[in-house]
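Enquirer: Here's a structure for you.
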Amino acid sequence: MWMLVPVSFTLKLLSAFVQHLGSMWSSLGTLFPLLGAAFWLAGGKKSQQQRGRRKPRKPSREDEEDRDLPITPISVNYHFTRQCNYKCGFCFHTAKTSFVLPLAEAKRGLLLLKEAGMEKINFSGGEPFLHDRGRYLGQLVKFCKQELQLPSVSIVSNGSLIRERWFQNYGEYLDILAISCDSFDEQVNVLIGRGQGNKNHVENLHKLRTWCKDYRVAFKINSVINRFNVDEDMTEQIKALNPIRWKVFQCLIIEGENSGEDALREAEPFVISDEEFEAFLDRHKNVPCLVPESNQKMRDSYLILDEYMRFVNCRNGRKDPSMSILDVGVEEAIKFSGFDEKMFLKRGGKYVWSKADLKLDW
């Protein structure tokens with residue numbers, strides 16, 4: 001009889017332990033899926049980072065020889081301000097400074113570029129209409145067309161700050177206005193960072209299209225294809241707007257701008273693969289004005305001036321600035337631009353870009 005007491009006590013302990021173990025297992029059962037999701041997301045982010053930080057193409061011997069040849073700045077993109085009223089997550093020219101050159105100095109630099117062979121100037125940002133409510137930009141546009149008599153003067157803008165009065169004052173001096181629009185779904189625009197509060201980005205796009213027609217400015221659309229719009233079909237909307245060109249860019253990683261510790265944006269979640277970009281292009285192959293630009297075509301085929309009028313070299317996946325053309329001249333500064341003239345021509349960088357030659361049906 002004395003042995004039965006320990007046995008019964010042992011059975012009670014065992015029963016309590018089993019109940020406790022069951023409770024623990026139930027708790028772990030809800031924890032395991034959460035842990036699995038966390039590991040999956042971490043792995044996905046790592047994959048995105050690896051995909052976004054592709055190593056740039058190693059320069060060939062031919063590339064090295066091309067660097068020794070003189071470069072003519074036929075088409076220049078002048079990002080005179082980094083400030084912007086939008087917060088696009090993939091932006092590759094972010095608000096790292098608030099500097100804008102005095103108007104007289106900017107004009108002096110533009111004259112140097114004209115003397116070096118510039119035929120087309122494109123003003124960008126940041127948002128170029130933000131500084132001085134577009135008056136600074138208007139003066140530069142007028143100077144380039146009226147005094148420098150450049151064949152082509154263009155602007156890239158998000159369009160949110162443009163007013164009809166600007167067209168009335170400066171429209172005659174502008175050849176092309178390119179408006180950035182990444183989606184025709186307003187919720188997607190908000191996700192990307194192009195939200196305007198109560199304003200509708202797509203509705204504003206149509207208004208700007210009308211003003212361009214009224215004031216005889218060629219209309220263009222730029223779209224960055226990324227994780228949030230890669231499955232969208234924009235065919236009907238683009239055909240209805242009928243731009244002279246629809247530039248379609250693959251989301252690009254630039255170290256120090258939208259990637260890395262000192263970057264103001266984190267573009268990795270927006271990155272898509274080359275295959276996904278090609279699938280988007282294939283979906284829109286019947287849009288006649290489509291001009292596609294992959295990461296490879298974009299990186300080295302633009303002559304970019306920053307707010308200090310320094311050429312920026314993107315060959316190594318980041319923006320390495322030259323000395324300012326205001327200090328050393330165009331010929332010396334452009335040697336450090338990393339500009340690939342062959343890729344510029346291959347991507348269709350030289351086209352009919354003067355509204356006088358476009359012969360549009362206004």
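So you can find residues: chains in the structure tokens are A, B, ... in the order shown, residues in each start at 1, and ligands are numbered from 1 in order.
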Please, which residues in region 84-170 of chain A fall within 10 Å of region 246-253 of chain A when counting only C-alpha atoms, and what is the closest atom pair and distance in Å to one decimal for each, ordered by chain then residue number, as a tab-separated table?

Expert:
residue	atom	partner	partner_atom	distance
A:Phe90	CA	A:Cys251	CA	6.9
A:Cys91	CA	A:Leu252	CA	8.7
A:Phe92	CA	A:Ile253	CA	7.2

Enquirer: Measuring atom to atom with only C-alpha atoms, identify which of A:Ile221, A:Leu150, A:Leu103, A:Ala333 is nearest to Asp175 (chain A).

Expert: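 With only C-alpha atoms as the atom set, the closest residue is A:Leu150.
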
Enquirer: Write out as a list in words each polymer residue whose atoms come within 9 Å of Ile334 (chain A), counting only C-alpha atoms; drop sequence neighbours fewer than 5 positions from it.

Expert: Pro70, Ile71, Thr72, Pro73, Leu303, Arg310, Phe311, Ser322, Met323, Ile325, Gly329 and Phe339 of chain A

Enquirer: Could you turn the residues from that selection into a file that holds N, CA and C atoms, as a JSON list (two decimals), in the first residue's frame?

Expert:
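Okay, this is what ended up in result-v5.json:
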[["chain", "number", "residue", "atom", "x", "y", "z"],
["A", 70, "PRO", "N", 37.41, 63.71, -77.30],
["A", 70, "PRO", "CA", 36.68, 64.90, -76.84],
["A", 70, "PRO", "C", 35.18, 64.66, -76.90],
["A", 71, "ILE", "N", 34.47, 65.16, -75.89],
["A", 71, "ILE", "CA", 33.02, 64.98, -75.80],
["A", 71, "ILE", "C", 32.33, 66.30, -76.08],
["A", 72, "THR", "N", 31.37, 66.29, -76.98],
["A", 72, "THR", "CA", 30.56, 67.47, -77.25],
["A", 72, "THR", "C", 29.25, 67.36, -76.46],
["A", 73, "PRO", "N", 28.95, 68.35, -75.63],
["A", 73, "PRO", "CA", 27.73, 68.27, -74.80],
["A", 73, "PRO", "C", 26.48, 68.62, -75.60],
["A", 303, "LEU", "N", 24.28, 63.29, -69.84],
["A", 303, "LEU", "CA", 25.17, 64.31, -69.32],
["A", 303, "LEU", "C", 24.38, 65.09, -68.27],
["A", 310, "ARG", "N", 28.32, 70.91, -61.85],
["A", 310, "ARG", "CA", 29.34, 69.87, -61.94],
["A", 310, "ARG", "C", 28.73, 68.68, -62.69],
["A", 311, "PHE", "N", 29.48, 68.10, -63.63],
["A", 311, "PHE", "CA", 29.02, 66.87, -64.25],
["A", 311, "PHE", "C", 29.10, 65.74, -63.23],
["A", 322, "SER", "N", 32.37, 66.11, -60.96],
["A", 322, "SER", "CA", 33.57, 66.73, -61.52],
["A", 322, "SER", "C", 33.76, 68.08, -60.83],
["A", 323, "MET", "N", 34.76, 68.84, -61.28],
["A", 323, "MET", "CA", 34.84, 70.24, -60.90],
["A", 323, "MET", "C", 33.74, 71.00, -61.66],
["A", 325, "ILE", "N", 31.91, 73.55, -64.11],
["A", 325, "ILE", "CA", 32.28, 74.17, -65.39],
["A", 325, "ILE", "C", 32.52, 75.67, -65.20],
["A", 329, "GLY", "N", 35.84, 75.25, -66.75],
["A", 329, "GLY", "CA", 35.38, 75.20, -68.13],
["A", 329, "GLY", "C", 34.75, 73.86, -68.49],
["A", 339, "PHE", "N", 30.39, 59.96, -69.52],
["A", 339, "PHE", "CA", 29.36, 59.94, -70.56],
["A", 339, "PHE", "C", 29.69, 58.93, -71.66]]

Enquirer: What does the structure give for the distance between CA of Tyr86 (chain A) and CA of Gly193 (chain A), in Å to one decimal?

Expert: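 Those two atoms sit 6.2 Å apart.
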
Enquirer: For the atom pair CA of Glu164 (chain A) and CA of Tyr215 (chain A), what is the interatomic distance in Å to one decimal place?

Expert: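 So the two atoms, CA of Glu164 (chain A) and CA of Tyr215 (chain A), lie 9.4 Å apart.
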
Enquirer: One decimal, in Å: what's the spacing between CA of Leu110 (chain A) and CA of Val312 (chain A)?

Expert: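 For CA of Leu110 (chain A) relative to CA of Val312 (chain A), the distance reads 16.4 Å.
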
Enquirer: DSSP on the backbone: what in region 118-212 of chain A comes out alpha helix (DSSP H), as a CSV table (one decimal) with all heavy atoms, in the first residue's frame?

Expert:
chain,number,residue,atom,x,y,z
A,135,ARG,N,9.6,81.3,-61.5
A,135,ARG,CA,10.1,82.5,-62.3
A,135,ARG,C,11.6,82.3,-62.6
A,135,ARG,O,12.0,82.7,-63.7
A,135,ARG,CB,9.9,83.7,-61.4
A,135,ARG,CG,8.4,84.2,-61.3
A,135,ARG,CD,8.3,85.5,-60.6
A,135,ARG,NE,8.6,85.4,-59.2
A,135,ARG,CZ,7.7,85.2,-58.3
A,135,ARG,NH1,6.4,85.1,-58.6
A,135,ARG,NH2,8.0,85.1,-57.0
A,136,TYR,N,12.3,81.7,-61.7
A,136,TYR,CA,13.8,81.4,-62.0
A,136,TYR,C,13.9,80.5,-63.2
A,136,TYR,O,14.6,80.8,-64.1
A,136,TYR,CB,14.4,80.8,-60.8
A,136,TYR,CG,15.8,80.4,-60.9
A,136,TYR,CD1,16.8,81.3,-60.4
A,136,TYR,CD2,16.2,79.2,-61.3
A,136,TYR,CE1,18.2,81.0,-60.5
A,136,TYR,CE2,17.6,78.8,-61.4
A,136,TYR,CZ,18.5,79.7,-61.0
A,136,TYR,OH,19.9,79.4,-61.0
A,137,LEU,N,13.1,79.5,-63.2
A,137,LEU,CA,13.1,78.5,-64.3
A,137,LEU,C,12.7,79.2,-65.6
A,137,LEU,O,13.3,79.0,-66.7
A,137,LEU,CB,12.1,77.4,-64.0
A,137,LEU,CG,11.8,76.4,-65.1
A,137,LEU,CD1,13.1,75.6,-65.6
A,137,LEU,CD2,10.8,75.4,-64.7
A,138,GLY,N,11.6,80.0,-65.5
A,138,GLY,CA,11.1,80.8,-66.7
A,138,GLY,C,12.2,81.7,-67.3
A,138,GLY,O,12.4,81.7,-68.6
A,139,GLN,N,13.0,82.3,-66.5
A,139,GLN,CA,14.1,83.2,-67.0
A,139,GLN,C,15.2,82.4,-67.7
A,139,GLN,O,15.7,82.8,-68.7
A,139,GLN,CB,14.7,84.0,-65.8
A,139,GLN,CG,13.8,85.1,-65.3
A,139,GLN,CD,13.4,86.1,-66.3
A,139,GLN,OE1,14.3,86.7,-67.0
A,139,GLN,NE2,12.1,86.4,-66.5
A,140,LEU,N,15.5,81.2,-67.1
A,140,LEU,CA,16.5,80.3,-67.8
A,140,LEU,C,16.0,79.8,-69.1
A,140,LEU,O,16.7,79.8,-70.1
A,140,LEU,CB,16.8,79.1,-66.9
A,140,LEU,CG,17.6,79.5,-65.6
A,140,LEU,CD1,17.8,78.2,-64.8
A,140,LEU,CD2,18.9,80.2,-65.9
A,141,VAL,N,14.7,79.4,-69.2
A,141,VAL,CA,14.1,78.9,-70.4
A,141,VAL,C,14.1,80.0,-71.5
A,141,VAL,O,14.5,79.8,-72.6
A,141,VAL,CB,12.6,78.5,-70.2
A,141,VAL,CG1,11.9,78.3,-71.5
A,141,VAL,CG2,12.6,77.2,-69.4
A,142,LYS,N,13.7,81.2,-71.1
A,142,LYS,CA,13.7,82.4,-72.0
A,142,LYS,C,15.1,82.7,-72.5
A,142,LYS,O,15.3,83.0,-73.7
A,142,LYS,CB,13.1,83.6,-71.4
A,142,LYS,CG,12.9,84.8,-72.2
A,142,LYS,CD,12.2,85.9,-71.5
A,142,LYS,CE,12.1,87.2,-72.4
A,142,LYS,NZ,11.4,88.3,-71.7
A,164,GLU,N,-1.2,78.2,-65.3
A,164,GLU,CA,-1.4,78.6,-66.7
A,164,GLU,C,-0.7,79.9,-67.0
A,164,GLU,O,-0.2,80.2,-68.1
A,164,GLU,CB,-2.9,78.8,-67.0
A,164,GLU,CG,-3.2,79.1,-68.5
A,164,GLU,CD,-4.6,79.1,-68.8
A,164,GLU,OE1,-5.5,79.1,-67.9
A,164,GLU,OE2,-4.9,79.1,-70.1
A,165,ARG,N,-0.6,80.8,-65.9
A,165,ARG,CA,0.2,82.0,-66.1
A,165,ARG,C,1.6,81.8,-66.6
A,165,ARG,O,2.2,82.6,-67.3
A,165,ARG,CB,0.1,82.9,-64.8
A,165,ARG,CG,0.8,84.2,-65.0
A,165,ARG,CD,0.6,85.1,-63.7
A,165,ARG,NE,-0.8,85.4,-63.6
A,165,ARG,CZ,-1.4,86.5,-64.2
A,165,ARG,NH1,-0.6,87.2,-65.1
A,165,ARG,NH2,-2.6,86.8,-64.1
A,166,TRP,N,2.2,80.7,-66.1
A,166,TRP,CA,3.6,80.4,-66.5
A,166,TRP,C,3.6,80.2,-68.0
A,166,TRP,O,4.5,80.6,-68.7
A,166,TRP,CB,4.1,79.2,-65.7
A,166,TRP,CG,5.6,79.0,-65.9
A,166,TRP,CD1,6.6,79.5,-65.1
A,166,TRP,CD2,6.3,78.4,-67.0
A,166,TRP,NE1,7.8,79.2,-65.5
A,166,TRP,CE2,7.7,78.5,-66.7
A,166,TRP,CE3,5.9,77.7,-68.1
A,166,TRP,CZ2,8.7,78.0,-67.6
A,166,TRP,CZ3,6.9,77.2,-69.0
A,166,TRP,CH2,8.2,77.4,-68.7
A,167,PHE,N,2.7,79.4,-68.5
A,167,PHE,CA,2.6,79.2,-70.0
A,167,PHE,C,2.4,80.5,-70.7
A,167,PHE,O,3.0,80.8,-71.8
A,167,PHE,CB,1.5,78.3,-70.3
A,167,PHE,CG,1.8,76.8,-70.1
A,167,PHE,CD1,1.4,76.2,-68.9
A,167,PHE,CD2,2.4,76.1,-71.1
A,167,PHE,CE1,1.7,74.8,-68.7
A,167,PHE,CE2,2.6,74.7,-70.9
A,167,PHE,CZ,2.3,74.1,-69.7
A,168,GLN,N,1.6,81.4,-70.2
A,168,GLN,CA,1.4,82.7,-70.8
A,168,GLN,C,2.7,83.5,-70.9
A,168,GLN,O,2.9,84.2,-71.9
A,168,GLN,CB,0.3,83.5,-70.0
A,168,GLN,CG,-1.1,82.8,-70.1
A,168,GLN,CD,-2.1,83.4,-69.1
A,168,GLN,OE1,-1.7,84.2,-68.2
A,168,GLN,NE2,-3.3,83.1,-69.2
A,169,ASN,N,3.5,83.4,-69.9
A,169,ASN,CA,4.7,84.2,-69.8
A,169,ASN,C,5.9,83.6,-70.5
A,169,ASN,O,6.7,84.3,-71.1
A,169,ASN,CB,5.1,84.5,-68.3
A,169,ASN,CG,4.1,85.4,-67.6
A,169,ASN,OD1,3.5,86.2,-68.2
A,169,ASN,ND2,4.0,85.2,-66.3
A,170,TYR,N,6.0,82.2,-70.5
A,170,TYR,CA,7.2,81.6,-71.0
A,170,TYR,C,6.9,80.4,-72.0
A,170,TYR,O,7.9,79.9,-72.5
A,170,TYR,CB,8.0,81.0,-69.8
A,170,TYR,CG,8.3,82.0,-68.7
A,170,TYR,CD1,7.7,82.0,-67.5
A,170,TYR,CD2,9.3,83.0,-69.0
A,170,TYR,CE1,8.0,82.9,-66.5
A,170,TYR,CE2,9.6,84.0,-68.0
A,170,TYR,CZ,9.0,83.9,-66.8
A,170,TYR,OH,9.3,84.8,-65.8
A,186,GLU,N,-4.6,56.4,-58.8
A,186,GLU,CA,-4.2,57.5,-57.9
A,186,GLU,C,-3.7,56.9,-56.6
A,186,GLU,O,-2.8,57.4,-56.0
A,186,GLU,CB,-5.4,58.4,-57.6
A,186,GLU,CG,-4.9,59.7,-56.9
A,186,GLU,CD,-4.0,60.5,-57.7
A,186,GLU,OE1,-3.9,60.4,-58.9
A,186,GLU,OE2,-3.2,61.3,-57.1
A,187,GLN,N,-4.2,55.7,-56.2
A,187,GLN,CA,-3.7,55.1,-55.0
A,187,GLN,C,-2.3,54.6,-55.1
A,187,GLN,O,-1.5,54.7,-54.2
A,187,GLN,CB,-4.6,53.9,-54.6
A,187,GLN,CG,-6.0,54.3,-54.1
A,187,GLN,CD,-6.8,53.1,-53.7
A,187,GLN,OE1,-6.6,52.0,-54.1
A,187,GLN,NE2,-7.8,53.4,-52.9
A,188,VAL,N,-1.9,54.2,-56.3
A,188,VAL,CA,-0.6,53.7,-56.6
A,188,VAL,C,0.4,55.0,-56.6
A,188,VAL,O,1.5,54.9,-56.0
A,188,VAL,CB,-0.5,53.0,-58.0
A,188,VAL,CG1,1.0,52.7,-58.3
A,188,VAL,CG2,-1.3,51.7,-57.9
A,189,ASN,N,-0.1,56.1,-57.1
A,189,ASN,CA,0.7,57.3,-57.1
A,189,ASN,C,1.0,57.7,-55.7
A,189,ASN,O,2.1,58.2,-55.3
A,189,ASN,CB,0.0,58.4,-57.8
A,189,ASN,CG,0.1,58.3,-59.3
A,189,ASN,OD1,1.1,57.9,-59.9
A,189,ASN,ND2,-1.0,58.6,-60.0
A,190,VAL,N,0.0,57.6,-54.8
A,190,VAL,CA,0.2,57.9,-53.4
A,190,VAL,C,1.3,57.0,-52.7
A,190,VAL,O,2.1,57.4,-52.0
A,190,VAL,CB,-1.1,57.8,-52.6
A,190,VAL,CG1,-0.9,58.0,-51.1
A,190,VAL,CG2,-2.0,58.9,-53.1
A,191,LEU,N,1.2,55.7,-53.1
A,191,LEU,CA,2.1,54.7,-52.5
A,191,LEU,C,3.5,55.0,-53.0
A,191,LEU,O,4.5,54.9,-52.2
A,191,LEU,CB,1.8,53.3,-53.0
A,191,LEU,CG,0.6,52.6,-52.3
A,191,LEU,CD1,0.3,51.3,-53.0
A,191,LEU,CD2,1.0,52.3,-50.8
A,192,ILE,N,3.7,55.5,-54.2
A,192,ILE,CA,5.0,55.8,-54.7
A,192,ILE,C,5.6,57.0,-54.1
A,192,ILE,O,6.8,57.2,-53.9
A,192,ILE,CB,4.9,55.9,-56.3
A,192,ILE,CG1,4.7,54.6,-56.9
A,192,ILE,CG2,6.2,56.6,-56.8
A,192,ILE,CD1,4.4,54.6,-58.4
A,201,HIS,N,-3.3,63.5,-59.2
A,201,HIS,CA,-2.2,63.6,-60.1
A,201,HIS,C,-2.6,63.4,-61.5
A,201,HIS,O,-2.1,64.1,-62.4
A,201,HIS,CB,-1.1,62.6,-59.6
A,201,HIS,CG,0.2,62.8,-60.4
A,201,HIS,ND1,1.1,63.8,-60.1
A,201,HIS,CD2,0.7,62.1,-61.4
A,201,HIS,CE1,2.1,63.7,-60.9
A,201,HIS,NE2,1.9,62.7,-61.7
A,202,VAL,N,-3.5,62.4,-61.7
A,202,VAL,CA,-3.9,62.1,-63.1
A,202,VAL,C,-4.7,63.2,-63.7
A,202,VAL,O,-4.6,63.5,-64.9
A,202,VAL,CB,-4.6,60.7,-63.1
A,202,VAL,CG1,-5.1,60.4,-64.5
A,202,VAL,CG2,-3.7,59.6,-62.6
A,203,GLU,N,-5.7,63.7,-62.9
A,203,GLU,CA,-6.5,64.8,-63.4
A,203,GLU,C,-5.6,66.0,-63.8
A,203,GLU,O,-5.9,66.7,-64.8
A,203,GLU,CB,-7.5,65.2,-62.3
A,203,GLU,CG,-8.6,64.2,-62.1
A,203,GLU,CD,-9.6,64.6,-61.0
A,203,GLU,OE1,-9.4,65.7,-60.5
A,203,GLU,OE2,-10.5,63.8,-60.7
A,204,ASN,N,-4.6,66.3,-63.0
A,204,ASN,CA,-3.7,67.4,-63.3
A,204,ASN,C,-2.9,67.2,-64.6
A,204,ASN,O,-2.7,68.1,-65.3
A,204,ASN,CB,-2.7,67.6,-62.1
A,204,ASN,CG,-2.0,68.9,-62.2
A,204,ASN,OD1,-2.6,70.0,-62.3
A,204,ASN,ND2,-0.7,68.9,-62.1
A,205,LEU,N,-2.6,65.9,-64.8
A,205,LEU,CA,-1.9,65.5,-66.0
A,205,LEU,C,-2.7,65.9,-67.3
A,205,LEU,O,-2.2,66.4,-68.2
A,205,LEU,CB,-1.6,64.0,-66.0
A,205,LEU,CG,-0.8,63.4,-67.2
A,205,LEU,CD1,0.6,63.9,-67.2
A,205,LEU,CD2,-0.9,61.9,-67.2
A,206,HIS,N,-4.0,65.6,-67.2
A,206,HIS,CA,-4.8,66.0,-68.4
A,206,HIS,C,-5.0,67.5,-68.5
A,206,HIS,O,-5.0,68.0,-69.7
A,206,HIS,CB,-6.2,65.3,-68.2
A,206,HIS,CG,-6.3,63.9,-68.4
A,206,HIS,ND1,-6.6,63.3,-69.7
A,206,HIS,CD2,-6.0,62.8,-67.6
A,206,HIS,CE1,-6.5,62.0,-69.6
A,206,HIS,NE2,-6.2,61.7,-68.4
A,207,LYS,N,-5.0,68.2,-67.5
A,207,LYS,CA,-5.1,69.7,-67.5
A,207,LYS,C,-3.8,70.2,-68.2
A,207,LYS,O,-3.9,71.1,-69.1
A,207,LYS,CB,-5.2,70.3,-66.1
A,207,LYS,CG,-5.3,71.8,-66.1
A,207,LYS,CD,-5.6,72.3,-64.7
A,207,LYS,CE,-4.5,72.0,-63.8
A,207,LYS,NZ,-4.8,72.6,-62.4
A,208,LEU,N,-2.7,69.7,-67.8
A,208,LEU,CA,-1.4,70.1,-68.4
A,208,LEU,C,-1.3,69.8,-69.9
A,208,LEU,O,-0.7,70.5,-70.6
A,208,LEU,CB,-0.2,69.5,-67.6
A,208,LEU,CG,0.0,70.0,-66.2
A,208,LEU,CD1,0.9,69.2,-65.4
A,208,LEU,CD2,0.5,71.5,-66.2
A,209,ARG,N,-1.9,68.7,-70.2
A,209,ARG,CA,-1.9,68.3,-71.6
A,209,ARG,C,-2.6,69.3,-72.5
A,209,ARG,O,-2.2,69.7,-73.6
A,209,ARG,CB,-2.5,66.9,-71.8
A,209,ARG,CG,-2.7,66.4,-73.2
A,209,ARG,CD,-1.3,66.1,-73.8
A,209,ARG,NE,-1.3,65.7,-75.2
A,209,ARG,CZ,-1.1,66.5,-76.2
A,209,ARG,NH1,-1.0,67.8,-76.0
A,209,ARG,NH2,-1.1,66.1,-77.4
A,210,THR,N,-3.7,69.8,-71.9
A,210,THR,CA,-4.5,70.8,-72.6
A,210,THR,C,-3.8,72.1,-72.7
A,210,THR,O,-3.8,72.7,-73.8
A,210,THR,CB,-5.9,71.0,-71.9
A,210,THR,OG1,-6.6,69.8,-71.8
A,210,THR,CG2,-6.7,72.1,-72.6
A,211,TRP,N,-3.1,72.5,-71.7
A,211,TRP,CA,-2.3,73.8,-71.7
A,211,TRP,C,-1.2,73.7,-72.7
A,211,TRP,O,-0.9,74.6,-73.4
A,211,TRP,CB,-1.8,74.1,-70.3
A,211,TRP,CG,-2.8,74.6,-69.4
A,211,TRP,CD1,-4.1,75.1,-69.7
A,211,TRP,CD2,-2.7,74.7,-68.0
A,211,TRP,NE1,-4.8,75.5,-68.6
A,211,TRP,CE2,-4.0,75.3,-67.5
A,211,TRP,CE3,-1.7,74.4,-67.0
A,211,TRP,CZ2,-4.2,75.5,-66.1
A,211,TRP,CZ3,-1.9,74.7,-65.7
A,211,TRP,CH2,-3.2,75.2,-65.3
A,212,CYS,N,-0.5,72.5,-72.8
A,212,CYS,CA,0.5,72.3,-73.8
A,212,CYS,C,0.0,72.5,-75.2
A,212,CYS,O,0.7,73.2,-76.0
A,212,CYS,CB,1.2,71.0,-73.6
A,212,CYS,SG,2.3,70.8,-72.2

Enquirer: Where does DSSP see strand (DSSP E or B) in region 137-267 of chain A, if you list the residues as a PyMOL selection string?

Expert: chain A and resi 152-157+176-180+196+199+218-225+245-250+255+259

Enquirer: If you count only C-alpha atoms, which residues fall within 10 Å of Cys144 (chain A), apart from same-chain ones fewer than 3 positions away, as a PDB file with N, CA and C atoms, in the first residue's frame?

Expert:
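Listing of result-v3.pdb after writing:
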ATOM      1  N   LYS A 107      23.257  81.505 -65.942  1.00  0.00           N
ATOM      2  CA  LYS A 107      23.287  81.931 -67.344  1.00  0.00           C
ATOM      3  C   LYS A 107      24.708  81.866 -67.907  1.00  0.00           C
ATOM      4  N   LEU A 110      25.413  78.281 -68.756  1.00  0.00           N
ATOM      5  CA  LEU A 110      24.670  77.865 -69.950  1.00  0.00           C
ATOM      6  C   LEU A 110      25.318  78.410 -71.219  1.00  0.00           C
ATOM      7  N   LEU A 111      25.853  79.623 -71.131  1.00  0.00           N
ATOM      8  CA  LEU A 111      26.574  80.190 -72.279  1.00  0.00           C
ATOM      9  C   LEU A 111      27.831  79.377 -72.582  1.00  0.00           C
ATOM     10  N   LYS A 114      26.740  76.312 -74.420  1.00  0.00           N
ATOM     11  CA  LYS A 114      26.381  76.622 -75.810  1.00  0.00           C
ATOM     12  C   LYS A 114      27.645  76.772 -76.662  1.00  0.00           C
ATOM     13  N   GLU A 119      23.156  71.712 -77.922  1.00  0.00           N
ATOM     14  CA  GLU A 119      22.000  71.987 -78.770  1.00  0.00           C
ATOM     15  C   GLU A 119      20.686  71.890 -77.993  1.00  0.00           C
ATOM     16  N   LYS A 120      20.699  71.067 -76.947  1.00  0.00           N
ATOM     17  CA  LYS A 120      19.477  70.856 -76.163  1.00  0.00           C
ATOM     18  C   LYS A 120      19.797  70.965 -74.672  1.00  0.00           C
ATOM     19  N   ILE A 121      18.959  71.713 -73.952  1.00  0.00           N
ATOM     20  CA  ILE A 121      19.075  71.797 -72.505  1.00  0.00           C
ATOM     21  C   ILE A 121      17.766  71.302 -71.893  1.00  0.00           C
ATOM     22  N   GLY A 138      11.623  80.046 -65.530  1.00  0.00           N
ATOM     23  CA  GLY A 138      11.147  80.752 -66.713  1.00  0.00           C
ATOM     24  C   GLY A 138      12.214  81.650 -67.328  1.00  0.00           C
ATOM     25  N   GLN A 139      12.987  82.319 -66.469  1.00  0.00           N
ATOM     26  CA  GLN A 139      14.061  83.180 -66.960  1.00  0.00           C
ATOM     27  C   GLN A 139      15.153  82.370 -67.667  1.00  0.00           C
ATOM     28  N   LEU A 140      15.464  81.187 -67.129  1.00  0.00           N
ATOM     29  CA  LEU A 140      16.458  80.335 -67.778  1.00  0.00           C
ATOM     30  C   LEU A 140      15.955  79.826 -69.123  1.00  0.00           C
ATOM     31  N   VAL A 141      14.702  79.427 -69.180  1.00  0.00           N
ATOM     32  CA  VAL A 141      14.099  78.946 -70.423  1.00  0.00           C
ATOM     33  C   VAL A 141      14.133  80.043 -71.483  1.00  0.00           C
ATOM     34  N   GLU A 147      18.179  84.191 -76.252  1.00  0.00           N
ATOM     35  CA  GLU A 147      19.533  84.728 -76.378  1.00  0.00           C
ATOM     36  C   GLU A 147      20.535  83.694 -76.898  1.00  0.00           C
ATOM     37  N   LEU A 148      20.474  82.473 -76.347  1.00  0.00           N
ATOM     38  CA  LEU A 148      21.395  81.430 -76.826  1.00  0.00           C
ATOM     39  C   LEU A 148      20.888  80.778 -78.110  1.00  0.00           C
ATOM     40  N   GLN A 149      19.594  80.921 -78.372  1.00  0.00           N
ATOM     41  CA  GLN A 149      18.958  80.360 -79.574  1.00  0.00           C
ATOM     42  C   GLN A 149      19.225  78.860 -79.714  1.00  0.00           C
ATOM     43  N   LEU A 150      19.045  78.145 -78.614  1.00  0.00           N
ATOM     44  CA  LEU A 150      19.192  76.693 -78.637  1.00  0.00           C
ATOM     45  C   LEU A 150      18.040  76.071 -79.427  1.00  0.00           C
ATOM     46  N   PRO A 151      18.317  75.047 -80.206  1.00  0.00           N
ATOM     47  CA  PRO A 151      17.252  74.369 -80.950  1.00  0.00           C
ATOM     48  C   PRO A 151      16.177  73.773 -80.046  1.00  0.00           C
ATOM     49  N   SER A 152      16.586  73.309 -78.838  1.00  0.00           N
ATOM     50  CA  SER A 152      15.599  72.660 -77.971  1.00  0.00           C
ATOM     51  C   SER A 152      15.799  73.037 -76.510  1.00  0.00           C
ATOM     52  N   VAL A 153      14.700  73.429 -75.874  1.00  0.00           N
ATOM     53  CA  VAL A 153      14.663  73.717 -74.439  1.00  0.00           C
ATOM     54  C   VAL A 153      13.517  72.908 -73.850  1.00  0.00           C
ATOM     55  N   TYR A 173       8.847  80.027 -75.354  1.00  0.00           N
ATOM     56  CA  TYR A 173      10.275  79.716 -75.342  1.00  0.00           C
ATOM     57  C   TYR A 173      10.560  78.239 -75.033  1.00  0.00           C
ATOM     58  N   LEU A 174       9.528  77.478 -74.720  1.00  0.00           N
ATOM     59  CA  LEU A 174       9.692  76.080 -74.317  1.00  0.00           C
ATOM     60  C   LEU A 174       9.303  75.139 -75.451  1.00  0.00           C
TER      61      LEU A 174
END

Enquirer: Give the answer as one residue: which of A:Glu266, A:Glu236, A:Asp214, A:Glu261 has the shortest atom-to-atom distance to Lys87 (chain A), using only C-alpha atoms?

Expert: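 For Lys87 (chain A), the nearest of the candidates is A:Glu266.
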
Enquirer: Compile the contact shell of Arg245 (chain A) as a ChimeraX atom specification: residues with an atom at most 12 Å away, counting only C-alpha atoms, same-chain residues fewer than 5 positions apart removed.

Expert: /A:176-179,218-223,238-239,287-292,348-349,351-353,358

Enquirer: Can I get the residues of region 112-229 of chain A within 12 Å of region 94-99 of chain A, each with the closest pair of atoms and their distance in Å to one decimal, using only C-alpha atoms, sorted chain first then ascending number, as a tab-separated table?

Expert:
residue	atom	partner	partner_atom	distance
A:Ser124	CA	A:Thr94	CA	11.9
A:Gly125	CA	A:Thr94	CA	8.5
A:Gly126	CA	A:Thr94	CA	6.7
A:Glu127	CA	A:Ala95	CA	10.0
A:Leu130	CA	A:Ser98	CA	11.4
A:His131	CA	A:Ser98	CA	9.9
